[in-house]
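Colleague: Input structure: upload.txt, which contains compact mmCIF, C-alpha atoms.
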```txt
# COMPACT_ATOMS: atom_id res chain seq x y z
CA MET A 1 167.57 113.93 217.16
CA PRO A 2 165.46 112.23 214.50
CA VAL A 3 164.64 108.56 214.81
CA THR A 4 164.70 106.80 211.45
CA ASN A 5 163.02 103.47 210.59
CA TYR A 6 164.04 101.06 207.85
CA PRO A 7 162.24 97.73 207.33
CA ILE A 8 164.52 94.72 207.90
CA PHE A 9 164.35 92.04 205.20
CA GLU A 10 165.27 88.43 205.91
CA PRO A 11 166.03 86.56 202.66
CA ALA A 12 164.74 83.01 202.29
CA LYS A 13 167.29 80.20 202.40
CA ARG A 14 165.99 78.63 199.19
CA LYS A 15 167.58 79.74 195.94
CA LYS A 16 165.51 80.54 192.88
CA ILE A 17 166.45 78.87 189.60
CA TYR A 18 165.89 81.24 186.74
CA PHE A 19 164.18 80.20 183.53
CA GLU A 20 167.25 81.44 181.65
CA PHE A 21 169.28 78.48 182.92
CA PHE A 22 166.74 76.11 181.41
CA SER A 23 167.00 78.11 178.19
CA LEU A 24 170.77 77.74 178.22
CA GLY A 25 170.35 73.99 178.74
CA PHE A 26 167.99 73.91 175.76
CA ILE A 27 170.63 75.69 173.65
CA CYS A 28 173.30 73.19 174.76
CA LEU A 29 171.03 70.29 173.82
CA GLY A 30 170.34 71.87 170.42
CA THR A 31 174.06 72.46 169.86
CA VAL A 32 174.95 68.86 170.74
CA ALA A 33 172.26 67.59 168.35
CA PHE A 34 173.51 69.91 165.59
CA VAL A 35 177.16 68.85 166.07
CA TRP A 36 176.12 65.18 166.11
CA MET A 37 174.18 65.69 162.87
CA LYS A 38 177.18 67.36 161.20
CA SER A 39 179.46 64.46 162.20
CA GLN A 40 177.24 61.90 160.47
CA ALA A 41 178.28 61.00 156.91
CA GLU A 42 174.82 60.16 155.68
CA ILE A 43 171.73 61.59 157.24
CA HIS A 44 168.12 61.63 156.15
CA PRO A 45 166.97 65.09 154.93
CA ALA A 46 164.02 65.10 157.37
CA VAL A 47 166.38 64.52 160.32
CA PHE A 48 168.64 67.28 159.01
CA TRP A 49 165.78 69.81 158.92
CA ILE A 50 164.33 68.74 162.29
CA VAL A 51 167.69 69.12 164.03
CA THR A 52 168.43 72.41 162.25
CA ILE A 53 165.03 73.88 163.20
CA PHE A 54 165.45 72.59 166.79
CA PHE A 55 168.88 74.25 166.96
CA ILE A 56 167.54 77.59 165.69
CA LEU A 57 164.44 77.51 167.91
CA SER A 58 166.55 76.68 170.98
CA PHE A 59 167.65 80.35 171.04
CA VAL A 60 164.10 81.73 171.14
CA PRO A 61 163.36 81.11 174.88
CA LEU A 62 166.62 82.79 175.90
CA ILE A 63 166.02 85.83 173.70
CA VAL A 64 162.43 86.19 174.94
CA THR A 65 163.44 85.96 178.62
CA LEU A 66 166.28 88.44 178.15
CA ILE A 67 163.80 90.92 176.66
CA LEU A 68 161.26 90.29 179.44
CA ASN A 69 163.91 90.61 182.18
CA HIS A 70 164.59 94.12 180.96
CA TYR A 71 161.24 95.14 182.51
CA LYS A 72 160.94 92.63 185.37
CA ILE A 73 161.42 93.50 189.05
CA ASP A 74 163.78 91.21 190.94
CA PHE A 75 161.56 90.31 193.89
CA LYS A 76 163.65 88.46 196.44
CA ARG A 77 162.17 85.55 198.37
CA GLY A 78 161.95 86.28 202.07
CA LYS A 79 159.99 88.35 204.53
CA PHE A 80 160.15 91.58 206.45
CA LYS A 81 160.92 91.11 210.13
CA GLY A 82 160.64 94.30 212.12
CA ASN A 83 162.47 97.56 211.62
CA LEU A 84 165.95 98.97 211.95
CA VAL A 85 165.48 101.99 214.21
CA LEU A 86 168.40 104.38 214.50
CA GLY A 87 168.38 106.44 217.70
CA LYS A 88 170.73 108.70 219.62
CA ASN A 89 171.39 106.23 222.44
CA GLU A 90 170.42 102.88 220.91
CA ILE A 91 169.85 100.98 217.71
CA ARG A 92 166.89 98.62 217.57
CA ILE A 93 167.09 95.62 215.28
CA ALA A 94 163.56 94.19 215.09
CA GLU A 95 162.91 93.20 218.74
CA LYS A 96 166.56 93.46 219.89
CA THR A 97 167.95 96.69 221.34
CA VAL A 98 171.68 97.43 221.13
CA LEU A 99 172.91 100.35 223.23
CA LEU A 100 175.23 102.76 221.45
CA ASP A 101 177.83 102.43 224.22
CA THR A 102 178.16 98.67 223.51
CA ILE A 103 178.77 99.08 219.77
CA GLU A 104 182.34 98.87 218.51
CA THR A 105 181.65 99.48 214.79
CA ILE A 106 178.74 99.96 212.45
CA HIS A 107 178.89 99.80 208.66
CA PHE A 108 176.25 100.49 206.00
CA ILE A 109 176.09 99.45 202.36
CA ASN A 110 173.14 101.39 200.99
CA ASP A 111 173.38 101.33 197.21
CA ASP A 112 170.06 99.60 196.53
CA PHE A 113 166.58 101.09 196.30
CA PHE A 114 163.19 100.15 194.89
CA ILE A 115 163.02 100.25 191.06
CA ARG A 116 166.78 100.76 190.64
CA TYR A 117 167.77 99.68 187.14
CA GLU A 118 170.86 97.44 187.05
CA ARG A 119 172.33 97.62 183.56
CA ASN A 120 175.03 94.98 184.10
CA LYS A 121 172.63 92.08 184.81
CA TRP A 122 171.69 89.82 181.93
CA ILE A 123 170.56 86.55 183.50
CA SER A 124 168.26 87.87 186.23
CA PRO A 125 165.68 90.69 186.27
CA LYS A 126 167.21 94.14 185.89
CA ILE A 127 164.96 96.15 188.22
CA SER A 128 165.74 95.92 191.94
CA SER A 129 163.26 95.49 194.77
CA GLY A 130 165.34 97.65 197.15
CA VAL A 131 166.23 95.05 199.80
CA GLY A 132 169.93 94.64 198.94
CA ASN A 133 171.15 97.17 201.53
CA ILE A 134 173.26 95.79 204.37
CA CYS A 135 173.89 96.98 207.92
CA SER A 136 176.67 95.33 209.93
CA ILE A 137 177.04 95.97 213.66
CA LYS A 138 179.88 94.63 215.79
CA THR A 139 179.55 94.97 219.55
CA LYS A 140 182.35 95.26 222.08
CA ASP A 141 181.49 91.85 223.53
CA GLY A 142 182.09 90.18 220.13
CA LYS A 143 178.54 89.82 218.81
CA ASN A 144 177.98 90.52 215.12
CA TYR A 145 174.70 91.52 213.55
CA GLN A 146 174.31 91.67 209.80
CA PHE A 147 171.01 92.11 208.03
CA ASN A 148 169.40 93.54 204.92
CA PHE A 149 167.16 96.59 205.03
CA TYR A 150 164.81 98.22 202.55
CA GLN A 151 165.10 101.66 200.95
CA SER A 152 162.26 102.98 198.82
CA HIS A 153 164.31 105.85 197.35
CA ASP A 154 167.90 106.42 196.30
CA ASN A 155 170.15 106.94 199.32
CA GLU A 156 167.26 107.21 201.77
CA LEU A 157 169.75 106.73 204.60
CA VAL A 158 170.75 110.40 204.14
CA LYS A 159 167.60 111.32 206.12
CA ALA A 160 169.49 110.10 209.17
CA GLU A 161 172.45 112.42 208.52
CA VAL A 162 172.34 113.93 212.01
CA LEU A 163 172.44 110.47 213.60
CA LEU A 164 175.14 109.25 211.24
CA ARG A 165 177.33 112.23 212.17
CA TRP A 166 176.58 111.47 215.84
CA TYR A 167 177.74 107.86 215.31
CA HIS A 168 180.86 109.19 213.58
CA SER A 169 181.60 111.50 216.52
CA LYS A 170 181.27 108.46 218.84
CA LYS A 171 183.85 106.70 216.60
CA ILE A 172 181.59 103.76 215.71
CA LEU A 173 181.01 104.83 212.06
CA ASN A 174 184.21 105.39 210.10
CA THR A 175 184.84 108.43 207.93
CA ASN A 176 184.93 106.55 204.62
CA ASN A 177 181.54 104.94 205.24
CA LEU A 178 180.03 108.28 206.34
CA ASN A 179 181.35 110.00 203.20
CA GLN A 180 180.04 107.17 201.01
CA ILE A 181 176.56 107.43 202.56
CA LEU A 182 176.41 111.22 202.32
CA ASN A 183 178.13 111.35 198.89
CA GLU A 184 180.87 113.62 200.18
CA ASN A 185 184.35 113.62 198.67
CA ASN A 186 186.75 114.28 201.52
```
Rewrite the structure from the file as structure tokens, please.
Modeller:
Amino acid sequence: MPVTNYPIFEPAKRKKIYFEFFSLGFICLGTVAFVWMKSQAEIHPAVFWIVTIFFILSFVPLIVTLILNHYKIDFKRGKFKGNLVLGKNEIRIAEKTVLLDTIETIHFINDDFFIRYERNKWISPKISSGVGNICSIKTKDGKNYQFNFYQSHDNELVKAEVLLRWYHSKKILNTNNLNQILNENN
């Protein structure tokens, strides 16, 4: 049986505020100034042109960041803490060992990999860093483990096919999740 390692990623608790939100705030400020200017009966021509130019230029930061995000990698804040090691009789999560006999269910979401292009994102960077994969383990004594792990290539979890089929035969990995991982249509 092969033993397969996947680095475990622990995301940081702090959230990152994207520059795009500041750009959107700048656009809102420009819009409010423009609407205010239009509601005034008499306005000095210099004020009119300053507000109009401010309103037009308020869109520039957003457009520039949207173009730059097309090529930017979405590096998540956090750190790698050990490895997920899949074995025939046990699963190691960093320094913790969980025996296969004590596991009730295991579930993988493995649709992320390094340099995956995400077309549907527009606010954040479009290229993934590969740490968005999730493994959830529920033990028979009620403990739950959920953590992110890293894949450097598309569906790298397939390398552990023999172990995944072994987990399925032990009835801890359900058929739908196994088919999703192995891209089988049964």
Colleague: Using all atoms listed in the file, pick whichever of A:Leu62, A:Lys81, A:Ile53, A:Asn89 has the shortest atom-to-atom distance to Glu10 in chain A.
Modeller: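 The shortest atom-to-atom distance to Glu10 in chain A comes from A:Lys81.
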Colleague: Which one of A:Ile137, A:Leu24, A:Leu182, A:Met37 sits closest to Val51 in chain A if you count all atoms listed in the file?
Modeller: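 Result for the nearest residue to Val51 in chain A: A:Met37.
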Colleague: Please indicate the distance in Å from CA of Glu104 in chain A to CA of Leu86 in chain A, rounded to one decimal place.
Modeller: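 So the two atoms, CA of Glu104 in chain A and CA of Leu86 in chain A, lie 15.5 Å apart.
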Colleague: Compare A:Ser23, A:Leu178, A:Ser169, A:Asp141 by their minimum atom-to-atom distance to Thr65 in chain A, counting all atoms listed in the file, and give me the closest one.
Modeller: A:Ser23
Colleague: Quick one: residues within 12 Å of Gly142 in chain A, only C-alpha atoms, excluding same-chain residues fewer than 3 positions away - as a PyMOL selection string?
Modeller: chain A and resi 102-105+137-139+145
Colleague: To one decimal place, how far is CA of Gln180 in chain A from CA of Ser129 in chain A in Å?
Modeller: 21.4 Å
Colleague: CA of Ile106 in chain A and CA of His168 in chain A, how far apart in Å?
Modeller: 9.5 Å
Colleague: Hey, which of A:Ala41, A:Pro7, A:Asn110, A:Ser58 ends up closest to Phe22 in chain A? Count all atoms listed in the file.
Modeller: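 For Phe22 in chain A, the nearest of the candidates is A:Ser58.
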Colleague: If we count all atoms listed in the file and set the cut-off at 8 Å, which residues sit around range 148-165 of chain A, ignoring sequence neighbours fewer than 5 positions away in its own chain? Please answer as an NGL selection string.
Modeller: :A and (1-4 or 6-10 or 84 or 86-88 or 110-114 or 130-135 or 173 or 178 or 181-182)
Colleague: Just C-alpha atoms for this one: save the residues we selected as a PDB file, keeping the file's coordinate frame.
Modeller:
```pdb
ATOM      1  CA  MET A   1     167.570 113.930 217.160  1.00  0.00           C
ATOM      2  CA  PRO A   2     165.460 112.230 214.500  1.00  0.00           C
ATOM      3  CA  VAL A   3     164.640 108.560 214.810  1.00  0.00           C
ATOM      4  CA  THR A   4     164.700 106.800 211.450  1.00  0.00           C
ATOM      5  CA  TYR A   6     164.040 101.060 207.850  1.00  0.00           C
ATOM      6  CA  PRO A   7     162.240  97.730 207.330  1.00  0.00           C
ATOM      7  CA  ILE A   8     164.520  94.720 207.900  1.00  0.00           C
ATOM      8  CA  PHE A   9     164.350  92.040 205.200  1.00  0.00           C
ATOM      9  CA  GLU A  10     165.270  88.430 205.910  1.00  0.00           C
ATOM     10  CA  LEU A  84     165.950  98.970 211.950  1.00  0.00           C
ATOM     11  CA  LEU A  86     168.400 104.380 214.500  1.00  0.00           C
ATOM     12  CA  GLY A  87     168.380 106.440 217.700  1.00  0.00           C
ATOM     13  CA  LYS A  88     170.730 108.700 219.620  1.00  0.00           C
ATOM     14  CA  ASN A 110     173.140 101.390 200.990  1.00  0.00           C
ATOM     15  CA  ASP A 111     173.380 101.330 197.210  1.00  0.00           C
ATOM     16  CA  ASP A 112     170.060  99.600 196.530  1.00  0.00           C
ATOM     17  CA  PHE A 113     166.580 101.090 196.300  1.00  0.00           C
ATOM     18  CA  PHE A 114     163.190 100.150 194.890  1.00  0.00           C
ATOM     19  CA  GLY A 130     165.340  97.650 197.150  1.00  0.00           C
ATOM     20  CA  VAL A 131     166.230  95.050 199.800  1.00  0.00           C
ATOM     21  CA  GLY A 132     169.930  94.640 198.940  1.00  0.00           C
ATOM     22  CA  ASN A 133     171.150  97.170 201.530  1.00  0.00           C
ATOM     23  CA  ILE A 134     173.260  95.790 204.370  1.00  0.00           C
ATOM     24  CA  CYS A 135     173.890  96.980 207.920  1.00  0.00           C
ATOM     25  CA  LEU A 173     181.010 104.830 212.060  1.00  0.00           C
ATOM     26  CA  LEU A 178     180.030 108.280 206.340  1.00  0.00           C
ATOM     27  CA  ILE A 181     176.560 107.430 202.560  1.00  0.00           C
ATOM     28  CA  LEU A 182     176.410 111.220 202.320  1.00  0.00           C
TER      29      LEU A 182
END
```
Colleague: Quick one: residues within 8 Å of (163.9, 102.6, 221.1) (file frame), counting all atoms listed in the file, please, as an MDAnalysis selection string.
Modeller: chainID A and resid 85 87 90:92 97
Colleague: Quick one: of A:Asn177, A:Trp49, A:Lys171, A:Ile63, who's nearest to Phe108 in chain A, counting all atoms listed in the file?
Modeller: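 Among the listed residues, the smallest separation from Phe108 in chain A belongs to A:Asn177.
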Colleague: From the block you just saw, export range 39-87 of chain A: N, CA and C atoms, as a compact mmCIF listing (two decimals), in the first residue's frame.
Modeller:
```
# COMPACT_ATOMS: atom_id res chain seq x y z
N SER A 39 -27.33 68.33 -8.30
CA SER A 39 -28.51 68.83 -7.59
C SER A 39 -28.41 70.33 -7.30
N GLN A 40 -27.23 70.89 -7.45
CA GLN A 40 -27.04 72.32 -7.20
C GLN A 40 -27.52 73.13 -8.41
N ALA A 41 -28.27 74.20 -8.15
CA ALA A 41 -28.79 75.04 -9.23
C ALA A 41 -27.66 75.84 -9.89
N GLU A 42 -26.86 76.47 -9.09
CA GLU A 42 -25.76 77.25 -9.64
C GLU A 42 -24.46 76.71 -9.05
N ILE A 43 -23.55 76.42 -9.93
CA ILE A 43 -22.26 75.90 -9.48
C ILE A 43 -21.17 76.55 -10.32
N HIS A 44 -20.07 76.78 -9.69
CA HIS A 44 -18.92 77.41 -10.37
C HIS A 44 -18.37 76.42 -11.40
N PRO A 45 -17.98 76.86 -12.60
CA PRO A 45 -17.45 75.94 -13.62
C PRO A 45 -16.22 75.16 -13.16
N ALA A 46 -15.37 75.75 -12.34
CA ALA A 46 -14.18 75.03 -11.85
C ALA A 46 -14.59 73.87 -10.96
N VAL A 47 -15.59 74.08 -10.10
CA VAL A 47 -16.08 73.00 -9.23
C VAL A 47 -16.71 71.91 -10.09
N PHE A 48 -17.45 72.31 -11.11
CA PHE A 48 -18.06 71.33 -12.02
C PHE A 48 -16.99 70.43 -12.64
N TRP A 49 -15.92 71.01 -13.16
CA TRP A 49 -14.88 70.21 -13.82
C TRP A 49 -14.08 69.38 -12.82
N ILE A 50 -13.83 69.90 -11.65
CA ILE A 50 -13.09 69.13 -10.62
C ILE A 50 -13.89 67.91 -10.21
N VAL A 51 -15.17 68.09 -9.95
CA VAL A 51 -16.02 66.96 -9.53
C VAL A 51 -16.18 65.96 -10.68
N THR A 52 -16.35 66.44 -11.89
CA THR A 52 -16.50 65.55 -13.05
C THR A 52 -15.23 64.73 -13.26
N ILE A 53 -14.08 65.37 -13.19
CA ILE A 53 -12.80 64.65 -13.37
C ILE A 53 -12.59 63.66 -12.22
N PHE A 54 -12.92 64.07 -10.98
CA PHE A 54 -12.82 63.16 -9.83
C PHE A 54 -13.72 61.94 -10.03
N PHE A 55 -14.93 62.16 -10.52
CA PHE A 55 -15.87 61.06 -10.76
C PHE A 55 -15.32 60.10 -11.81
N ILE A 56 -14.78 60.62 -12.90
CA ILE A 56 -14.24 59.77 -13.97
C ILE A 56 -12.99 59.02 -13.48
N LEU A 57 -12.11 59.73 -12.78
CA LEU A 57 -10.87 59.09 -12.31
C LEU A 57 -11.11 58.09 -11.18
N SER A 58 -12.28 58.17 -10.52
CA SER A 58 -12.55 57.22 -9.44
C SER A 58 -12.67 55.78 -9.96
N PHE A 59 -12.92 55.60 -11.26
CA PHE A 59 -13.03 54.27 -11.83
C PHE A 59 -11.67 53.67 -12.18
N VAL A 60 -10.64 54.48 -12.29
CA VAL A 60 -9.33 54.01 -12.73
C VAL A 60 -8.73 52.98 -11.77
N PRO A 61 -8.70 53.22 -10.43
CA PRO A 61 -8.10 52.20 -9.55
C PRO A 61 -8.78 50.84 -9.64
N LEU A 62 -10.11 50.85 -9.76
CA LEU A 62 -10.83 49.58 -9.86
C LEU A 62 -10.48 48.84 -11.15
N ILE A 63 -10.44 49.56 -12.26
CA ILE A 63 -10.12 48.93 -13.55
C ILE A 63 -8.70 48.38 -13.53
N VAL A 64 -7.77 49.14 -12.98
CA VAL A 64 -6.37 48.68 -12.92
C VAL A 64 -6.26 47.44 -12.05
N THR A 65 -6.90 47.41 -10.88
CA THR A 65 -6.79 46.24 -10.01
C THR A 65 -7.49 45.02 -10.61
N LEU A 66 -8.58 45.23 -11.32
CA LEU A 66 -9.23 44.10 -11.98
C LEU A 66 -8.32 43.49 -13.04
N ILE A 67 -7.61 44.32 -13.77
CA ILE A 67 -6.67 43.82 -14.78
C ILE A 67 -5.51 43.11 -14.11
N LEU A 68 -4.96 43.68 -13.04
CA LEU A 68 -3.83 43.06 -12.33
C LEU A 68 -4.23 41.75 -11.66
N ASN A 69 -5.45 41.68 -11.12
CA ASN A 69 -5.91 40.45 -10.47
C ASN A 69 -6.03 39.28 -11.44
N HIS A 70 -6.14 39.59 -12.71
CA HIS A 70 -6.21 38.54 -13.71
C HIS A 70 -4.95 37.68 -13.69
N TYR A 71 -3.82 38.25 -13.28
CA TYR A 71 -2.54 37.55 -13.29
C TYR A 71 -1.96 37.33 -11.90
N LYS A 72 -2.69 37.67 -10.86
CA LYS A 72 -2.17 37.59 -9.49
C LYS A 72 -2.56 36.28 -8.84
N ILE A 73 -1.63 35.70 -8.06
CA ILE A 73 -1.90 34.47 -7.33
C ILE A 73 -2.51 34.83 -5.98
N ASP A 74 -3.54 34.12 -5.60
CA ASP A 74 -4.26 34.36 -4.36
C ASP A 74 -3.54 33.63 -3.21
N PHE A 75 -2.48 34.22 -2.71
CA PHE A 75 -1.75 33.61 -1.60
C PHE A 75 -2.54 33.84 -0.31
N LYS A 76 -2.90 32.76 0.32
CA LYS A 76 -3.66 32.83 1.57
C LYS A 76 -2.69 33.06 2.73
N ARG A 77 -3.16 33.83 3.71
CA ARG A 77 -2.36 34.02 4.92
C ARG A 77 -2.53 32.80 5.80
N GLY A 78 -1.42 32.32 6.32
CA GLY A 78 -1.42 31.15 7.18
C GLY A 78 -0.08 30.46 7.11
N LYS A 79 -0.04 29.23 7.61
CA LYS A 79 1.22 28.49 7.60
C LYS A 79 0.95 27.00 7.46
N PHE A 80 1.97 26.32 6.99
CA PHE A 80 1.89 24.87 6.86
C PHE A 80 2.26 24.25 8.20
N LYS A 81 1.45 23.30 8.65
CA LYS A 81 1.67 22.65 9.93
C LYS A 81 1.61 21.14 9.73
N GLY A 82 2.71 20.55 9.41
CA GLY A 82 2.78 19.10 9.28
C GLY A 82 2.19 18.60 7.98
N ASN A 83 1.95 17.30 7.95
CA ASN A 83 1.43 16.64 6.75
C ASN A 83 0.23 15.78 7.08
N LEU A 84 -0.61 15.60 6.08
CA LEU A 84 -1.67 14.61 6.11
C LEU A 84 -1.07 13.36 5.48
N VAL A 85 -0.95 12.30 6.25
CA VAL A 85 -0.35 11.06 5.76
C VAL A 85 -1.43 9.98 5.76
N LEU A 86 -1.77 9.52 4.57
CA LEU A 86 -2.77 8.46 4.43
C LEU A 86 -2.06 7.12 4.45
N GLY A 87 -2.49 6.23 5.33
CA GLY A 87 -1.89 4.90 5.42
C GLY A 87 -2.97 3.84 5.46
```
